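As stored in upload-v1.tsv (TSV, C-alpha atoms):
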chain	number	residue	atom	x	y	z
J	1	MET	CA	101.31	152.07	243.00
J	2	VAL	CA	100.34	155.42	241.48
J	3	ASN	CA	101.44	158.53	243.34
J	4	LEU	CA	98.39	160.83	242.98
J	5	LYS	CA	100.16	163.84	244.45
J	6	LYS	CA	102.92	163.54	241.85
J	7	LEU	CA	100.34	163.07	239.06
J	8	ARG	CA	98.43	166.19	240.16
J	9	LYS	CA	101.63	168.23	240.21
J	10	GLU	CA	102.55	166.94	236.75
J	11	PHE	CA	99.02	167.75	235.49
J	12	TRP	CA	99.15	171.36	236.70
J	13	LEU	CA	102.68	171.88	235.38
J	14	ARG	CA	101.74	170.59	231.93
J	15	HIS	CA	98.56	172.66	232.01
J	16	SER	CA	100.64	175.75	232.82
J	17	ASN	CA	102.19	175.55	229.35
J	18	PRO	CA	101.07	178.75	227.57
J	19	TRP	CA	99.94	176.70	224.56
J	20	SER	CA	97.52	174.81	226.82
J	21	GLY	CA	96.04	178.06	228.13
J	22	LEU	CA	95.82	179.67	224.71
J	23	THR	CA	94.16	176.68	223.06
J	24	ARG	CA	91.71	176.32	225.96
J	25	MET	CA	90.64	179.94	225.46
J	26	LEU	CA	89.86	179.09	221.84
J	27	ILE	CA	87.48	176.29	222.87
J	28	SER	CA	84.50	178.58	223.51
J	29	PRO	CA	83.78	179.62	219.90
J	30	PHE	CA	83.89	175.98	218.78
J	31	LEU	CA	81.66	174.96	221.67
J	32	TYR	CA	79.03	177.51	220.68
J	33	LEU	CA	79.26	176.67	216.98
J	34	THR	CA	78.78	172.95	217.54
J	35	ILE	CA	75.80	173.58	219.80
J	36	TRP	CA	74.33	176.19	217.42
J	37	TYR	CA	74.45	173.77	214.50
J	38	HIS	CA	73.52	170.75	216.65
J	39	ASN	CA	76.70	169.02	215.52
J	40	TRP	CA	76.99	166.42	218.27
J	41	VAL	CA	80.11	164.75	216.80
J	42	GLY	CA	81.81	168.14	216.76
J	43	LEU	CA	80.62	168.78	220.31
J	44	GLY	CA	82.13	165.44	221.35
J	45	ILE	CA	85.44	166.46	219.79
J	46	VAL	CA	85.34	169.83	221.61
J	47	ILE	CA	84.61	168.10	224.93
J	48	LEU	CA	87.36	165.54	224.32
J	49	TRP	CA	89.84	168.32	223.54
J	50	THR	CA	88.78	170.13	226.73
J	51	ILE	CA	89.58	167.00	228.73
J	52	VAL	CA	92.91	166.09	227.12
J	53	ASN	CA	94.21	169.62	226.57
J	54	PRO	CA	95.87	169.98	229.99
J	55	ILE	CA	97.96	166.85	229.47
J	56	VAL	CA	98.95	167.00	225.78
J	57	PHE	CA	101.46	169.81	226.16
J	58	PRO	CA	104.83	169.36	227.87
J	59	LYS	CA	105.86	171.22	231.01
J	60	PRO	CA	106.89	174.75	230.07
J	61	LYS	CA	110.53	175.77	230.36
J	62	ARG	CA	109.44	178.99	232.04
J	63	THR	CA	106.33	180.07	233.85
J	64	ASP	CA	106.88	183.82	233.95
J	65	ASN	CA	104.12	184.49	231.41
J	66	TRP	CA	100.49	185.40	231.94
J	67	PHE	CA	99.05	182.04	230.87
J	68	SER	CA	101.31	180.06	233.20
J	69	LYS	CA	100.67	182.40	236.11
J	70	ALA	CA	96.93	182.12	235.44
J	71	VAL	CA	96.93	178.32	235.60
J	72	LEU	CA	99.23	178.10	238.62
J	73	GLY	CA	97.30	180.93	240.26
J	74	GLU	CA	94.07	179.04	239.73
J	75	LYS	CA	95.63	175.98	241.37
J	76	ALA	CA	96.79	178.07	244.34
J	77	TRP	CA	93.39	179.77	244.65
J	78	LEU	CA	91.53	176.43	244.50
J	79	ASN	CA	93.77	174.97	247.21
J	80	LYS	CA	93.24	178.04	249.40
J	81	PHE	CA	89.48	178.05	248.77
J	82	ARG	CA	89.13	174.33	249.53
J	83	SER	CA	90.97	174.67	252.83
J	84	LYS	CA	89.10	177.80	253.92
J	85	PRO	CA	86.02	178.54	251.78
J	86	GLN	CA	85.55	182.26	251.77
J	87	PRO	CA	83.81	184.30	249.09
J	88	ASP	CA	86.29	186.67	247.47
J	89	LEU	CA	86.60	188.40	244.09
J	90	PRO	CA	87.73	185.27	242.21
J	91	PHE	CA	84.81	183.34	243.74
J	92	LEU	CA	82.36	186.05	242.64
J	93	LEU	CA	83.84	186.13	239.13
J	94	ASN	CA	83.66	182.33	238.85
J	95	THR	CA	80.04	182.44	239.97
J	96	LEU	CA	79.19	185.11	237.39
J	97	THR	CA	80.96	183.04	234.73
J	98	ALA	CA	78.71	180.08	235.53
J	99	ILE	CA	75.59	182.25	235.71
J	100	PHE	CA	76.12	183.49	232.14
J	101	PHE	CA	77.49	180.19	230.77
J	102	VAL	CA	74.29	178.22	231.37
J	103	PRO	CA	71.92	180.51	229.45
J	104	SER	CA	74.50	181.06	226.70
J	105	ILE	CA	74.47	177.31	226.01
J	106	TYR	CA	70.66	177.27	225.99
J	107	PHE	CA	70.43	180.29	223.67
J	108	ALA	CA	72.95	178.71	221.30
J	109	TYR	CA	70.90	175.50	221.26
J	110	VAL	CA	67.68	177.33	220.34
J	111	ASN	CA	69.55	179.55	217.83
J	112	MET	CA	68.94	182.93	219.44
J	113	PHE	CA	71.91	184.93	218.17
J	114	TRP	CA	71.88	188.12	220.27
J	115	PRO	CA	71.12	186.47	223.62
J	116	THR	CA	73.84	183.88	222.88
J	117	LEU	CA	76.33	186.59	222.01
J	118	TYR	CA	75.39	188.70	225.04
J	119	CYS	CA	75.65	185.84	227.56
J	120	ALA	CA	78.76	184.31	225.95
J	121	THR	CA	80.50	187.68	225.93
J	122	LEU	CA	79.71	188.34	229.59
J	123	MET	CA	80.75	184.79	230.49
J	124	SER	CA	84.09	185.33	228.71
J	125	ILE	CA	84.66	188.71	230.33
J	126	PHE	CA	84.08	187.31	233.82
J	127	LYS	CA	86.25	184.25	233.10
J	128	LEU	CA	89.13	186.36	231.80
J	129	TRP	CA	88.77	188.72	234.75
J	130	TYR	CA	88.90	185.73	237.14
J	131	VAL	CA	91.97	184.32	235.36
J	132	ASP	CA	93.67	187.71	235.48
J	133	ARG	CA	92.99	188.10	239.22
J	134	VAL	CA	94.42	184.68	240.11
J	135	ALA	CA	97.42	185.30	237.80
J	136	LEU	CA	98.07	188.64	239.49
J	137	GLN	CA	97.78	187.10	242.96
J	138	TYR	CA	100.10	184.25	241.96
J	139	GLY	CA	102.60	186.72	240.56
J	140	LYS	CA	102.73	188.54	243.90
J	141	GLU	CA	103.19	185.42	246.02
J	142	TYR	CA	105.31	182.88	244.13
J	143	SER	CA	108.47	182.51	242.06
J	144	PHE	CA	108.40	181.33	238.47
J	145	THR	CA	110.89	178.55	237.96
J	146	VAL	CA	109.84	175.05	237.04
J	147	SER	CA	111.84	172.21	238.54
Target format structure tokens, applied to this file:
Amino acid sequence: MVNLKKLRKEFWLRHSNPWSGLTRMLISPFLYLTIWYHNWVGLGIVILWTIVNPIVFPKPKRTDNWFSKAVLGEKAWLNKFRSKPQPDLPFLLNTLTAIFFVPSIYFAYVNMFWPTLYCATLMSIFKLWYVDRVALQYGKEYSFTVS
């Protein structure tokens, strides 16, 4: 029988590898390029990479870096938010990320350069701000050793 709790923990630990975080950040430009050029095979590859990225990298030896804190902080924030939903700064930043992501995809599809760039830039700013906030919160509350 599969132990889902153990699998989830393994997933988040592997995802906390800095290479996972760094390569996930690099997904956005490829996402927009494949949509801009209507390259559906390329889009499929980008989506596939997005799905498998968190599990391809091994558990990191250390998690005292920004990328690891960001991923583990996101996990902690999601657990806290699920147990007691309460709008806070990370929630607002996530909402703003989504608000700008949707039109950025549309503008890329219809090849409108400046609106795509504007929305994609704002989406990225809000996403990085969210990630930084959860990393900072995680850094204040938890230790950084991986067992």
Proximity of stretch 98-124 of chain J to stretch 27-33 of chain J: per-residue shortest pair, 10 Å limit, only C-alpha atoms, as a Markdown table:
| residue | atom | partner | partner_atom | distance |
| --- | --- | --- | --- | --- |
| J:Ser104 | CA | J:Tyr32 | CA | 8.3 |
| J:Ile105 | CA | J:Tyr32 | CA | 7.0 |
| J:Tyr106 | CA | J:Tyr32 | CA | 9.9 |
| J:Phe107 | CA | J:Tyr32 | CA | 9.5 |
| J:Ala108 | CA | J:Tyr32 | CA | 6.2 |
| J:Tyr109 | CA | J:Tyr32 | CA | 8.4 |
| J:Thr116 | CA | J:Tyr32 | CA | 8.5 |
| J:Leu117 | CA | J:Tyr32 | CA | 9.6 |
| J:Ala120 | CA | J:Ser28 | CA | 8.5 |
| J:Ser124 | CA | J:Ser28 | CA | 8.5 |
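Distances from J:Trp49, J:Tyr138, J:Trp36, J:Phe57 to J:His15 were compared using all atoms listed in the file, and the smallest one belongs to J:Phe57.
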Surrounding residues of J:Trp19 excluding itself and chain neighbours under 5 positions, 10 Å, all atoms listed in the file, as a ChimeraX atom specification: /J:14,24-25,53-54,56-58,60,67-68
field: Contacts of J:Leu89 at 12 Å (only C-alpha atoms; same-chain gap of 4+ positions) as a list in words
entry: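 Counting only C-alpha atoms, the residues come to Trp77, Phe81, Leu93, Asn94, Thr95, Leu96, Phe126, Lys127, Trp129, Tyr130, Val131, Asp132, Arg133, Val134 and Gln137 of chain J.
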Put a box with edges along x, y and z around all the listed atoms of stretch 122-133 of chain J, pad it by 3 Å on each side, then give me its centre and sizes in Å, one decimal, as lines of an AutoDock Vina configuration file.
center_x = 86.7
center_y = 186.5
center_z = 234.0
size_x = 20.0
size_y = 10.5
size_z = 16.5
query: Restricting the calculation to all atoms listed in the file, which member of J:Ile125, J:Ala135, J:Leu4, J:Ile47 is positioned closest to J:Thr63?
result: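 Selected residue with least distance to J:Thr63: J:Ala135.
Atom pair atom CA of J:Asn17 / atom CA of J:Thr97 has a distance of 23.1 Å (rounded to one decimal).
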query: Which of these, J:Leu22, J:Val46, J:Ile35, J:Ile55, has the shortest distance to J:Arg8 once you count all atoms listed in the file?
result: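 Going through J:Leu22, J:Val46, J:Ile35, J:Ile55 one by one, the smallest distance to J:Arg8 is for J:Ile55.
Atom CA of J:Thr23 lies 16.4 Å from atom CA of J:Leu72.
Coordinates place atom CA of J:Lys69 at a distance of 6.5 Å from atom CA of J:Gly139.
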task: Determine the nearest neighbour of J:Asp64 from the options J:Ser16, J:Thr121, J:Asn79, J:His38, counting only C-alpha atoms.
output: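 Nearest to J:Asp64: J:Ser16.
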task: For each of J:Leu122, J:Trp114, J:Glu141, J:Trp40, take the minimum atom-to-atom distance to J:Ile99, counting all atoms listed in the file, then give the residue where this is smallest.
output: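 Smallest separation from J:Ile99 among the options: J:Leu122.
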